[in-house]
file protein-v3.txt (compact mmCIF, C-alpha atoms and all ligand atoms)
# COMPACT_ATOMS: atom_id res chain seq x y z
CA MET A 10 37.49 22.36 42.52
CA LEU A 11 38.38 20.43 39.43
CA PHE A 12 34.71 20.47 38.44
CA LEU A 13 34.57 24.29 38.84
CA ARG A 14 37.71 24.72 36.69
CA ALA A 15 36.20 22.52 34.00
CA PHE A 16 32.97 24.52 34.20
CA PHE A 17 34.74 27.91 33.74
CA PHE A 18 36.85 26.43 30.93
CA PHE A 19 33.75 25.31 29.04
CA ILE A 20 31.67 28.48 29.50
CA ASN A 21 34.09 30.15 27.16
CA ARG A 22 31.98 29.55 23.99
CA LYS A 23 34.91 29.38 21.61
CA ARG A 24 36.65 26.74 23.64
CA PHE A 25 33.40 24.88 24.06
CA SER A 26 32.70 24.64 20.33
CA PHE A 27 36.37 23.77 19.70
CA CYS A 28 36.04 20.80 22.09
CA VAL A 29 32.70 19.70 20.62
CA ASN A 30 34.12 19.78 17.09
CA TRP A 31 37.09 17.67 18.10
CA PHE A 32 34.78 15.25 19.89
CA ILE A 33 32.71 14.83 16.69
CA ILE A 34 35.84 14.36 14.58
CA PHE A 35 37.14 11.78 17.06
CA LYS A 36 33.83 9.89 16.99
CA ARG A 37 33.73 9.92 13.21
CA LEU A 38 37.29 8.64 12.99
CA ARG A 39 36.58 6.02 15.64
CA PHE A 40 33.44 4.76 13.91
CA GLY A 41 34.59 5.35 10.36
CA SER A 42 31.65 7.48 9.19
CA MET A 43 34.03 10.16 7.98
CA SER A 44 33.45 8.92 4.50
CA LYS A 45 36.35 6.85 3.31
CA LYS A 46 36.38 6.92 -0.49
CA ILE A 47 34.25 4.05 -1.71
CA GLU A 48 35.92 1.97 -4.40
CA LYS A 49 34.48 -1.49 -3.90
CA ILE A 50 30.98 -2.48 -2.83
CA GLY A 51 29.82 -5.87 -1.54
CA VAL A 52 26.25 -7.07 -2.16
CA LEU A 53 24.33 -9.90 -0.51
CA THR A 54 20.78 -11.24 -0.19
CA SER A 55 19.64 -12.38 3.25
CA GLY A 56 16.67 -13.85 5.11
CA GLY A 57 13.51 -14.96 3.30
CA ASP A 58 13.89 -14.89 -0.47
CA ALA A 59 11.60 -12.72 -2.57
CA PRO A 60 10.97 -12.39 -6.32
CA GLY A 61 12.91 -9.40 -7.61
CA MET A 62 16.06 -9.97 -5.51
CA ASN A 63 17.93 -10.87 -8.71
CA ALA A 64 16.78 -7.64 -10.34
CA ALA A 65 18.06 -5.71 -7.30
CA ILE A 66 21.48 -7.43 -7.40
CA ARG A 67 21.67 -6.67 -11.14
CA ALA A 68 20.95 -2.99 -10.53
CA VAL A 69 23.62 -2.75 -7.80
CA VAL A 70 26.22 -4.48 -9.99
CA ARG A 71 25.40 -2.34 -13.03
CA ALA A 72 25.43 0.87 -10.98
CA CYS A 73 28.90 -0.08 -9.70
CA ALA A 74 30.05 -0.65 -13.30
CA TYR A 75 28.51 2.70 -14.31
CA TYR A 76 30.44 4.53 -11.58
CA ASP A 77 33.59 2.48 -12.21
CA LEU A 78 33.49 0.83 -8.79
CA GLY A 79 34.42 -2.76 -7.99
CA CYS A 80 31.55 -5.05 -6.97
CA VAL A 81 31.74 -8.27 -4.98
CA GLY A 82 28.85 -10.72 -4.74
CA ILE A 83 28.60 -12.46 -1.36
CA TYR A 84 26.92 -15.87 -1.43
CA ARG A 85 24.39 -17.12 1.18
CA GLY A 86 23.86 -13.82 2.99
CA TYR A 87 25.76 -13.26 6.22
CA GLN A 88 26.94 -16.87 6.18
CA GLY A 89 28.95 -16.07 3.05
CA LEU A 90 30.47 -13.06 4.83
CA ILE A 91 31.71 -15.36 7.58
CA ASP A 92 32.87 -18.10 5.17
CA LYS A 93 34.42 -15.56 2.76
CA ASP A 94 32.30 -16.92 -0.07
CA PHE A 95 32.94 -13.98 -2.42
CA GLU A 96 32.96 -13.48 -6.17
CA GLU A 97 33.87 -10.38 -8.17
CA LEU A 98 30.89 -9.33 -10.31
CA ALA A 99 31.07 -7.27 -13.50
CA ALA A 100 28.25 -5.83 -15.60
CA ARG A 101 27.99 -8.99 -17.76
CA SER A 102 27.96 -11.30 -14.68
CA VAL A 103 24.31 -10.37 -14.13
CA ARG A 104 22.98 -10.82 -17.65
CA ASN A 105 19.62 -12.60 -18.08
CA ILE A 106 18.65 -12.50 -14.41
CA ILE A 107 16.18 -9.60 -14.26
CA ASN A 108 13.32 -12.00 -15.06
CA ARG A 109 14.35 -14.78 -12.66
CA GLY A 110 12.73 -15.45 -9.29
CA GLY A 111 14.77 -16.26 -6.17
CA THR A 112 18.33 -15.01 -5.82
CA PHE A 113 21.37 -16.35 -7.68
CA LEU A 114 23.56 -15.23 -4.77
CA LYS A 115 21.42 -17.54 -2.58
CA SER A 116 20.01 -16.53 0.77
CA ALA A 117 20.50 -17.99 4.22
CA ARG A 118 19.67 -17.56 7.85
CA CYS A 119 22.96 -17.29 9.74
CA ALA A 120 23.08 -17.93 13.49
CA ALA A 121 26.80 -17.04 13.75
CA PHE A 122 26.14 -13.48 12.60
CA ARG A 123 23.90 -12.98 15.63
CA THR A 124 27.06 -13.18 17.81
CA GLU A 125 29.68 -10.44 18.28
CA GLU A 126 32.44 -12.89 17.32
CA GLY A 127 30.66 -13.80 14.10
CA ARG A 128 30.22 -10.16 13.14
CA ALA A 129 33.88 -9.41 13.98
CA LEU A 130 34.98 -12.20 11.62
CA ALA A 131 32.59 -10.95 8.93
CA HIS A 132 34.06 -7.45 9.30
CA GLN A 133 37.62 -8.77 9.11
CA ASN A 134 36.77 -10.66 5.90
CA LEU A 135 35.22 -7.54 4.36
CA VAL A 136 38.31 -5.46 5.15
CA GLU A 137 40.67 -8.17 3.88
CA ALA A 138 38.76 -8.33 0.58
CA GLY A 139 39.10 -4.55 0.18
CA ILE A 140 35.33 -4.03 0.37
CA ASP A 141 34.51 -0.48 1.52
CA ALA A 142 30.72 -0.72 1.88
CA LEU A 143 27.94 -3.28 1.84
CA VAL A 144 24.48 -3.43 0.27
CA VAL A 145 22.14 -5.80 2.14
CA ILE A 146 19.02 -6.93 0.27
CA GLY A 147 16.55 -8.45 2.74
CA GLY A 148 13.98 -7.86 5.45
CA ASP A 149 13.94 -6.37 8.94
CA GLY A 150 16.03 -9.20 10.45
CA SER A 151 18.76 -8.61 7.88
CA PHE A 152 18.66 -4.87 8.60
CA THR A 153 19.02 -5.53 12.33
CA GLY A 154 22.18 -7.51 11.53
CA ALA A 155 23.42 -4.67 9.31
CA LEU A 156 22.78 -2.19 12.11
CA ARG A 157 24.93 -4.26 14.50
CA LEU A 158 27.77 -4.33 11.94
CA LYS A 159 27.60 -0.56 11.66
CA GLU A 160 27.39 -0.01 15.42
CA GLU A 161 30.23 -2.36 16.33
CA HIS A 162 32.62 -1.78 13.43
CA GLY A 163 31.50 1.46 11.78
CA PHE A 164 31.16 -0.37 8.47
CA PRO A 165 28.98 1.52 5.94
CA VAL A 166 25.86 -0.44 5.04
CA ILE A 167 22.79 0.37 2.93
CA GLY A 168 19.67 -1.81 3.01
CA ILE A 169 17.25 -2.61 0.17
CA PRO A 170 13.84 -3.88 1.39
CA ALA A 171 12.98 -7.21 -0.20
CA THR A 172 10.30 -9.33 1.41
CA ILE A 173 6.97 -10.60 0.15
CA ASP A 174 5.27 -9.45 3.39
CA ASN A 175 5.57 -5.68 2.76
CA ASP A 176 6.18 -5.29 6.49
CA ILE A 177 9.00 -2.74 6.47
CA ASN A 178 8.53 0.71 7.88
CA GLY A 179 9.50 3.71 5.74
CA THR A 180 8.77 2.34 2.28
CA ASP A 181 5.45 2.13 0.45
CA TYR A 182 6.40 -1.24 -1.07
CA THR A 183 9.01 -3.93 -0.62
CA ILE A 184 10.51 -5.92 -3.50
CA GLY A 185 8.59 -9.19 -4.02
CA TYR A 186 5.30 -8.09 -2.52
CA ASP A 187 3.58 -7.26 -5.80
CA THR A 188 4.60 -10.59 -7.36
CA ALA A 189 3.45 -12.56 -4.30
CA LEU A 190 0.15 -10.71 -4.29
CA ASN A 191 -0.48 -11.59 -7.94
CA THR A 192 0.42 -15.23 -7.26
CA VAL A 193 -2.09 -15.33 -4.39
CA VAL A 194 -4.87 -13.68 -6.40
CA ASP A 195 -4.24 -16.08 -9.27
CA ALA A 196 -4.45 -19.07 -6.88
CA ILE A 197 -7.64 -17.79 -5.23
CA ASP A 198 -9.26 -17.24 -8.65
CA LYS A 199 -8.67 -20.93 -9.36
CA ILE A 200 -9.97 -21.99 -5.97
CA ARG A 201 -13.06 -19.87 -6.58
CA ASP A 202 -13.91 -21.95 -9.66
CA THR A 203 -14.11 -25.13 -7.63
CA ALA A 204 -15.76 -23.36 -4.67
CA SER A 205 -18.63 -22.09 -6.78
CA SER A 206 -19.08 -25.41 -8.61
CA HIS A 207 -19.60 -27.29 -5.34
CA ASN A 208 -21.13 -24.76 -2.91
CA ARG A 209 -17.90 -24.80 -0.96
CA LEU A 210 -16.50 -22.50 1.64
CA PHE A 211 -12.72 -22.28 1.32
CA LEU A 212 -10.32 -21.08 3.98
CA VAL A 213 -7.16 -20.05 2.14
CA GLU A 214 -4.02 -19.52 4.23
CA VAL A 215 -1.56 -16.96 2.89
CA MET A 216 1.80 -15.71 4.21
CA GLY A 217 1.96 -12.86 6.70
CA ARG A 218 3.11 -13.56 10.27
CA ASP A 219 3.18 -9.93 11.34
CA ALA A 220 1.52 -8.09 8.48
CA GLY A 221 -1.84 -8.62 6.81
CA ASP A 222 -0.99 -6.75 3.60
CA ILE A 223 -1.08 -9.87 1.41
CA ALA A 224 -4.32 -11.12 3.00
CA LEU A 225 -6.13 -7.78 2.88
CA ASN A 226 -5.11 -6.83 -0.66
CA SER A 227 -5.59 -10.31 -2.13
CA GLY A 228 -8.90 -10.50 -0.25
CA VAL A 229 -10.15 -7.35 -1.94
CA GLY A 230 -8.59 -8.25 -5.30
CA ALA A 231 -9.96 -11.79 -5.38
CA GLY A 232 -13.37 -10.92 -3.91
CA ALA A 233 -12.98 -12.83 -0.64
CA GLU A 234 -15.84 -12.86 1.86
CA GLU A 235 -13.70 -12.20 4.92
CA ILE A 236 -10.09 -11.85 5.95
CA LEU A 237 -8.29 -12.74 9.17
CA ILE A 238 -5.11 -10.73 9.74
CA PRO A 239 -2.55 -10.13 12.51
CA GLU A 240 -3.50 -6.45 12.90
CA GLU A 241 -7.09 -7.20 14.01
CA ASP A 242 -8.65 -9.44 16.61
CA LYS A 243 -12.35 -9.45 15.78
CA GLY A 244 -12.99 -12.87 17.26
CA ILE A 245 -14.36 -16.04 15.66
CA GLU A 246 -17.96 -15.04 16.48
CA HIS A 247 -17.65 -12.01 14.20
CA LEU A 248 -16.59 -14.32 11.37
CA ILE A 249 -19.43 -16.77 12.04
CA GLU A 250 -22.00 -13.93 12.04
CA SER A 251 -20.61 -12.55 8.79
CA LEU A 252 -20.81 -16.00 7.13
CA LYS A 253 -24.36 -16.55 8.35
CA ARG A 254 -25.39 -13.15 7.01
CA SER A 255 -23.91 -13.82 3.58
CA LYS A 256 -25.55 -17.26 3.45
CA LYS A 257 -28.89 -15.61 4.23
CA SER A 258 -28.30 -13.03 1.50
CA GLY A 259 -28.07 -15.83 -1.07
CA LYS A 260 -24.37 -16.61 -1.38
CA THR A 261 -23.68 -20.24 -2.18
CA SER A 262 -19.89 -20.28 -1.92
CA SER A 263 -17.32 -18.22 -0.06
CA ILE A 264 -13.61 -17.59 0.29
CA ILE A 265 -11.99 -16.55 3.57
CA VAL A 266 -8.38 -15.40 3.37
CA VAL A 267 -6.43 -16.22 6.52
CA ALA A 268 -2.99 -14.70 7.18
CA GLU A 269 -0.53 -17.03 8.98
CA GLY A 270 -0.30 -14.64 11.94
CA GLU A 271 -4.04 -14.04 12.46
CA ARG A 272 -5.03 -13.63 16.07
CA SER A 273 -7.71 -16.22 16.89
CA GLY A 274 -5.07 -18.54 18.34
CA LYS A 275 -6.39 -21.45 16.25
CA ASN A 276 -4.71 -23.08 13.30
CA ILE A 277 -6.57 -23.10 10.00
CA LEU A 278 -7.84 -26.69 10.40
CA GLU A 279 -9.25 -25.89 13.85
CA LEU A 280 -10.89 -22.77 12.42
CA ALA A 281 -12.51 -24.85 9.66
CA GLU A 282 -13.83 -27.31 12.25
CA ILE A 283 -15.34 -24.55 14.41
CA ILE A 284 -16.99 -22.91 11.39
CA GLY A 285 -18.33 -26.31 10.30
CA THR A 286 -20.16 -26.76 13.60
CA LYS A 287 -21.74 -23.30 13.46
CA VAL A 288 -22.46 -22.52 9.81
CA THR A 289 -24.52 -25.04 7.86
CA GLY A 290 -25.01 -25.51 4.13
CA TYR A 291 -21.38 -25.32 3.05
CA ASP A 292 -18.86 -27.99 2.25
CA ILE A 293 -15.83 -26.55 4.07
CA ARG A 294 -12.30 -26.95 2.64
CA VAL A 295 -8.87 -25.66 3.53
CA SER A 296 -6.06 -24.65 1.20
CA VAL A 297 -2.60 -23.58 2.42
CA LEU A 298 -0.80 -21.77 -0.38
CA GLY A 299 2.67 -22.03 1.25
CA HIS A 300 5.90 -21.53 -0.63
CA ILE A 301 4.43 -21.00 -4.09
CA GLN A 302 3.94 -17.43 -2.84
CA ARG A 303 7.71 -16.84 -2.78
CA GLY A 304 8.47 -18.19 -6.24
CA GLY A 305 7.99 -17.24 -9.84
CA ALA A 306 9.21 -14.54 -12.17
CA PRO A 307 8.99 -11.08 -10.62
CA SER A 308 6.20 -8.81 -11.85
CA CYS A 309 7.13 -5.76 -13.91
CA TYR A 310 6.42 -3.58 -10.87
CA ASP A 311 8.91 -5.53 -8.75
CA ARG A 312 11.58 -5.45 -11.47
CA VAL A 313 11.26 -1.68 -11.79
CA LEU A 314 11.21 -1.17 -8.02
CA ALA A 315 14.29 -3.40 -7.60
CA SER A 316 16.12 -1.51 -10.35
CA LYS A 317 15.30 1.87 -8.79
CA LEU A 318 16.37 0.78 -5.31
CA GLY A 319 19.53 -0.99 -6.50
CA VAL A 320 20.73 2.17 -8.25
CA GLY A 321 19.45 4.24 -5.29
CA ALA A 322 21.56 2.19 -2.85
CA VAL A 323 24.80 2.83 -4.75
CA ASP A 324 23.89 6.52 -5.18
CA ALA A 325 23.27 6.76 -1.43
CA LEU A 326 26.66 5.21 -0.59
CA LEU A 327 28.43 7.60 -2.95
CA LYS A 328 26.66 10.52 -1.27
CA GLY A 329 28.19 9.35 2.03
CA GLU A 330 24.99 7.86 3.44
CA SER A 331 25.13 4.74 5.53
CA ASN A 332 23.10 2.92 8.13
CA VAL A 333 19.96 3.58 6.11
CA MET A 334 17.49 1.65 4.00
CA VAL A 335 16.54 3.03 0.60
CA GLY A 336 12.79 2.79 0.12
CA ILE A 337 10.09 4.15 -2.14
CA THR A 338 7.73 6.91 -1.03
CA ASN A 339 5.32 8.48 -3.52
CA ARG A 340 7.40 7.11 -6.40
CA LYS A 341 10.62 8.73 -5.11
CA VAL A 342 13.62 6.84 -3.71
CA THR A 343 14.09 7.92 -0.10
CA SER A 344 16.42 7.00 2.75
CA VAL A 345 15.29 5.97 6.20
CA ALA A 346 17.43 5.00 9.20
CA PHE A 347 17.60 1.26 9.93
CA GLU A 348 16.32 1.98 13.44
CA ILE A 349 13.06 3.28 11.92
CA ALA A 350 12.82 0.69 9.14
CA ILE A 351 12.90 -2.25 11.55
CA LYS A 352 10.14 -0.92 13.81
CA LYS A 353 7.07 -3.05 13.25
CA GLN A 354 4.53 -0.28 13.28
CA ARG A 355 2.89 -0.13 9.89
CA PRO A 356 -0.76 0.64 10.58
CA LEU A 357 -3.58 -1.33 8.99
CA ASP A 358 -4.97 0.24 5.82
CA THR A 359 -8.38 0.99 7.35
CA ASP A 360 -9.71 2.48 4.10
CA LEU A 361 -9.09 -0.79 2.32
CA ARG A 362 -10.68 -2.72 5.19
CA ARG A 363 -13.80 -0.57 4.72
CA VAL A 364 -13.76 -1.23 0.97
CA LEU A 365 -13.69 -4.98 1.67
CA ASN A 366 -16.64 -4.68 4.07
CA ILE A 367 -18.68 -2.72 1.54
CA THR A 368 -17.87 -4.84 -1.51
CA THR A 369 -18.71 -8.12 0.18
CA ILE A 370 -22.21 -7.10 1.24
P1 LIG B 401 14.59 -11.24 7.16
O1 LIG B 401 15.74 -10.37 6.78
O2 LIG B 401 13.85 -11.76 5.96
O3 LIG B 401 13.68 -10.59 8.19
P2 LIG B 401 15.69 -13.00 9.24
O4 LIG B 401 14.90 -12.41 10.34
O5 LIG B 401 15.80 -14.48 9.20
O6 LIG B 401 15.19 -12.59 7.80
O7 LIG B 401 17.17 -12.40 9.34
C1 LIG B 401 18.17 -12.75 8.39
C2 LIG B 401 19.51 -12.84 9.06
O8 LIG B 401 19.86 -11.58 9.62
C3 LIG B 401 19.59 -13.80 10.25
O9 LIG B 401 19.78 -15.15 9.86
C4 LIG B 401 20.81 -13.28 10.99
O10 LIG B 401 22.00 -13.72 10.39
C5 LIG B 401 20.68 -11.76 10.77
N1 LIG B 401 20.02 -11.18 11.95
C6 LIG B 401 18.70 -11.14 12.24
N2 LIG B 401 18.46 -10.57 13.44
C7 LIG B 401 19.69 -10.24 13.93
C8 LIG B 401 20.14 -9.64 15.15
N3 LIG B 401 19.30 -9.24 16.11
N4 LIG B 401 21.48 -9.46 15.31
C9 LIG B 401 22.35 -9.85 14.35
N5 LIG B 401 21.99 -10.44 13.19
C10 LIG B 401 20.68 -10.64 12.98
call {"tool": "encode", "arguments": {"input": "protein-v3.txt", "output": "structure tokens"}}
result
Amino acid sequence: MLFLRAFFFFINRKRFSFCVNWFIIFKRLRFGSMSKKIEKIGVLTSGGDAPGMNAAIRAVVRACAYYDLGCVGIYRGYQGLIDKDFEELAARSVRNIINRGGTFLKSARCAAFRTEEGRALAHQNLVEAGIDALVVIGGDGSFTGALRLKEEHGFPVIGIPATIDNDINGTDYTIGYDTALNTVVDAIDKIRDTASSHNRLFLVEVMGRDAGDIALNSGVGAGAEEILIPEEDKGIEHLIESLKRSKKSGKTSSIIVVAEGERSGKNILELAEIIGTKVTGYDIRVSVLGHIQRGGAPSCYDRVLASKLGVGAVDALLKGESNVMVGITNRKVTSVAFEIAIKKQRPLDTDLRRVLNITTI
């Protein structure tokens, strides 16, 4: 009976839309997305550091100054949110940092923020400091944390993608990727000199647990013979055959670029040993590039990208956007929901793979 009454009440369209509107207003009030005027923005860097993070912080701080908003720097990522490690930043606080690698706000991995209690404390600290919205500069892990903060406390957050891996969905490039790529190509060029002087075959390990962008692009850019990447599982035999073919065609030295997350299930030393037993005529060496890939002054491309996205993040917050990452698509700053950004589904650039195959003949 009650159900029937409710049914007849709701089939009246006017009443129905009245109820729906109030439901939406209630939800917005409950979760805070009915844009509260933004007067003070917090900014932090989180997760793996990347060259260009400083340039992104600078752009956020300067955009706040431009719009006459307060800006608070939060040290050590989410850990600083929990420890209330805050500092007011003005336009001149970020002078002379656009050219510096790393992040002056420091970055951290914070286990406490993975818990509801940790996020509740972080939220309380934000509110107590009068911060109305947060800009998170980091990778997909940091965006997942930001998403939780939004879901549980309705706190407005905008993400800026900064990771050397270029493994974020919804942006053509992430801050730090271009610099890392140039560092890798520079290192491989140097390795090539010694490889060709001694008829050596070098296996060079580069970063990329889930994405082969660095390996594929540096492989093409540095003229590598082969690449091993997480997106493909061609098997060791394929690699051996390719090396034998190139030896037959007259090559006397070779470079193979191996991404950390490649799929053979062997580590790079084991791979070198297997190749050594099957391909003759090369002196086989291994070089793991490691953390040099994260360091160094950001390239001009990364500085410009970071500046665009830093300003874009503050613009987005002022337009009432939240729960999104600002990215770059066809040179334009775009917004994409965190839920989409954190999906690991960037397809392999098959055109570039083909280019590598052709140019290494
Ligand atoms: P990145 O942002 O470079 O991918 P991480 O994956 O280490 O780096 O994530 C950075 C931080 O983001 C973590 O230390 C943690 O504080 C937070 N974080 C990551 N995943 C989650 C999650 N599922 N829930 C809450 N916080 C998370």
call {"tool": "residues_around", "arguments": {"input": "protein-v3.txt", "residues": "A:Asp324", "least_positions_apart": "2", "cutoff": "12 Å", "atoms": "only C-alpha atoms", "output": "list in words"}}
result
Ile47, Ile50, Ala68, Val69, Arg71, Ala72, Cys73, Tyr75, Tyr76, Leu78, Val144, Ile167, Lys317, Leu318, Gly319, Val320, Gly321, Ala322, Leu326, Leu327, Lys328, Gly329, Glu330, Ser331, Val335, Val342, Thr343 and Ser344 of chain A
call {"tool": "residues_around", "arguments": {"input": "protein-v3.txt", "residues": "A:Gly82", "least_positions_apart": "3", "cutoff": "12 Å", "atoms": "all atoms listed in the file", "output": "PyMOL selection string"}}
result
chain A and resi 49-54+63+66-67+69-70+73+79+85-87+89-90+93-100+102-103+112-116+135+138+140+143-146
call {"tool": "closest_residue", "arguments": {"input": "protein-v3.txt", "among": "A:Leu225, A:Val288, A:Ala196, A:Ile265", "to": "A:Asn175", "atoms": "all atoms listed in the file"}}
result
A:Leu225
call {"tool": "residues_near_ligand", "arguments": {"input": "protein-v3.txt", "ligand": "ligand LIG 401 (chain B)", "cutoff": "6 Å", "atoms": "all atoms listed in the file", "output": "short mmCIF file (atom, residue, chain, number, x, y, z; two decimals) with C-alpha atoms, in the frame of the given file"}}
result
data_model
loop_
_atom_site.label_atom_id
_atom_site.label_comp_id
_atom_site.auth_asym_id
_atom_site.auth_seq_id
_atom_site.Cartn_x
_atom_site.Cartn_y
_atom_site.Cartn_z
CA SER A 55 19.64 -12.38 3.25
CA GLY A 56 16.67 -13.85 5.11
CA GLY A 57 13.51 -14.96 3.30
CA TYR A 87 25.76 -13.26 6.22
CA ARG A 118 19.67 -17.56 7.85
CA CYS A 119 22.96 -17.29 9.74
CA ALA A 120 23.08 -17.93 13.49
CA PHE A 122 26.14 -13.48 12.60
CA ARG A 123 23.90 -12.98 15.63
CA GLY A 147 16.55 -8.45 2.74
CA GLY A 148 13.98 -7.86 5.45
CA ASP A 149 13.94 -6.37 8.94
CA GLY A 150 16.03 -9.20 10.45
CA SER A 151 18.76 -8.61 7.88
CA THR A 153 19.02 -5.53 12.33
CA GLY A 154 22.18 -7.51 11.53
#
call {"tool": "residues_around", "arguments": {"input": "protein-v3.txt", "residues": "stretch 293-296 of chain A", "least_positions_apart": "2", "cutoff": "8 Å", "atoms": "only C-alpha atoms", "output": "mmCIF file with C-alpha atoms, keeping the file's coordinate frame"}}
result
data_model
loop_
_atom_site.group_PDB
_atom_site.id
_atom_site.type_symbol
_atom_site.label_atom_id
_atom_site.label_comp_id
_atom_site.auth_asym_id
_atom_site.auth_seq_id
_atom_site.Cartn_x
_atom_site.Cartn_y
_atom_site.Cartn_z
ATOM 1 C CA ARG A 209 -17.900 -24.800 -0.960
ATOM 2 C CA LEU A 210 -16.500 -22.500 1.640
ATOM 3 C CA PHE A 211 -12.720 -22.280 1.320
ATOM 4 C CA LEU A 212 -10.320 -21.080 3.980
ATOM 5 C CA VAL A 213 -7.160 -20.050 2.140
ATOM 6 C CA GLU A 214 -4.020 -19.520 4.230
ATOM 7 C CA ILE A 277 -6.570 -23.100 10.000
ATOM 8 C CA LEU A 278 -7.840 -26.690 10.400
ATOM 9 C CA ALA A 281 -12.510 -24.850 9.660
ATOM 10 C CA GLY A 285 -18.330 -26.310 10.300
ATOM 11 C CA TYR A 291 -21.380 -25.320 3.050
ATOM 12 C CA LEU A 298 -0.800 -21.770 -0.380
#
call {"tool": "closest_residue", "arguments": {"input": "protein-v3.txt", "among": "A:Cys309, A:Ala155, A:Ala268, A:Met216", "to": "A:Glu240", "atoms": "only C-alpha atoms"}}
result
A:Ala268
call {"tool": "atom_distance", "arguments": {"input": "protein-v3.txt", "atom1": "atom CA of A:Arg303", "atom2": "atom CA of A:Ala59"}}
result
5.7 Å
call {"tool": "closest_residue", "arguments": {"input": "protein-v3.txt", "among": "A:Val229, A:Ile249, A:Ala74, A:Ile370", "to": "A:Thr286", "atoms": "all atoms listed in the file"}}
result
A:Ile249
call {"tool": "atom_distance", "arguments": {"input": "protein-v3.txt", "atom1": "atom CA of A:Ser262", "atom2": "atom CA of A:Ala233"}}
result
10.2 Å
call {"tool": "atom_distance", "arguments": {"input": "protein-v3.txt", "atom1": "atom CA of A:Pro239", "atom2": "atom CA of A:Thr289"}}
result
27.0 Å
call {"tool": "closest_residue", "arguments": {"input": "protein-v3.txt", "among": "A:Thr359, A:Thr368, A:Ser308, A:Thr338", "to": "A:Asp181", "atoms": "all atoms listed in the file"}}
result
A:Thr338
call {"tool": "axis_aligned_box", "arguments": {"input": "protein-v3.txt", "around": "stretch 91-103 of chain A", "padding_each_side": "5 Å", "output": "AutoDock Vina command-line options"}}
result
--center_x 29.4 --center_y -12.0 --center_z -5.1 --size_x 20.1 --size_y 22.3 --size_z 35.3
call {"tool": "residues_around", "arguments": {"input": "protein-v3.txt", "residues": "stretch 346-356 of chain A", "least_positions_apart": "2", "cutoff": "6 Å", "atoms": "all atoms listed in the file", "output": "PyMOL selection string"}}
result
chain A and resi 149+177-179+333-334
call {"tool": "closest_residue", "arguments": {"input": "protein-v3.txt", "among": "A:Asn226, A:Gln302, A:Asn366, A:Thr203", "to": "A:Gly110", "atoms": "all atoms listed in the file"}}
result
A:Gln302
call {"tool": "residues_near_point", "arguments": {"input": "protein-v3.txt", "point": "(-9.5, -6.1, 13.5)", "cutoff": "12 Å", "atoms": "only C-alpha atoms", "output": "VMD selection string"}}
result
chain A and resid 221 225 235 to 245 247 to 248 271 to 273 356 to 359 362 to 363 366
call {"tool": "closest_residue", "arguments": {"input": "protein-v3.txt", "among": "A:Gly290, A:Asp176, A:Glu279, A:Asp92", "to": "A:Gly259", "atoms": "all atoms listed in the file"}}
result
A:Gly290
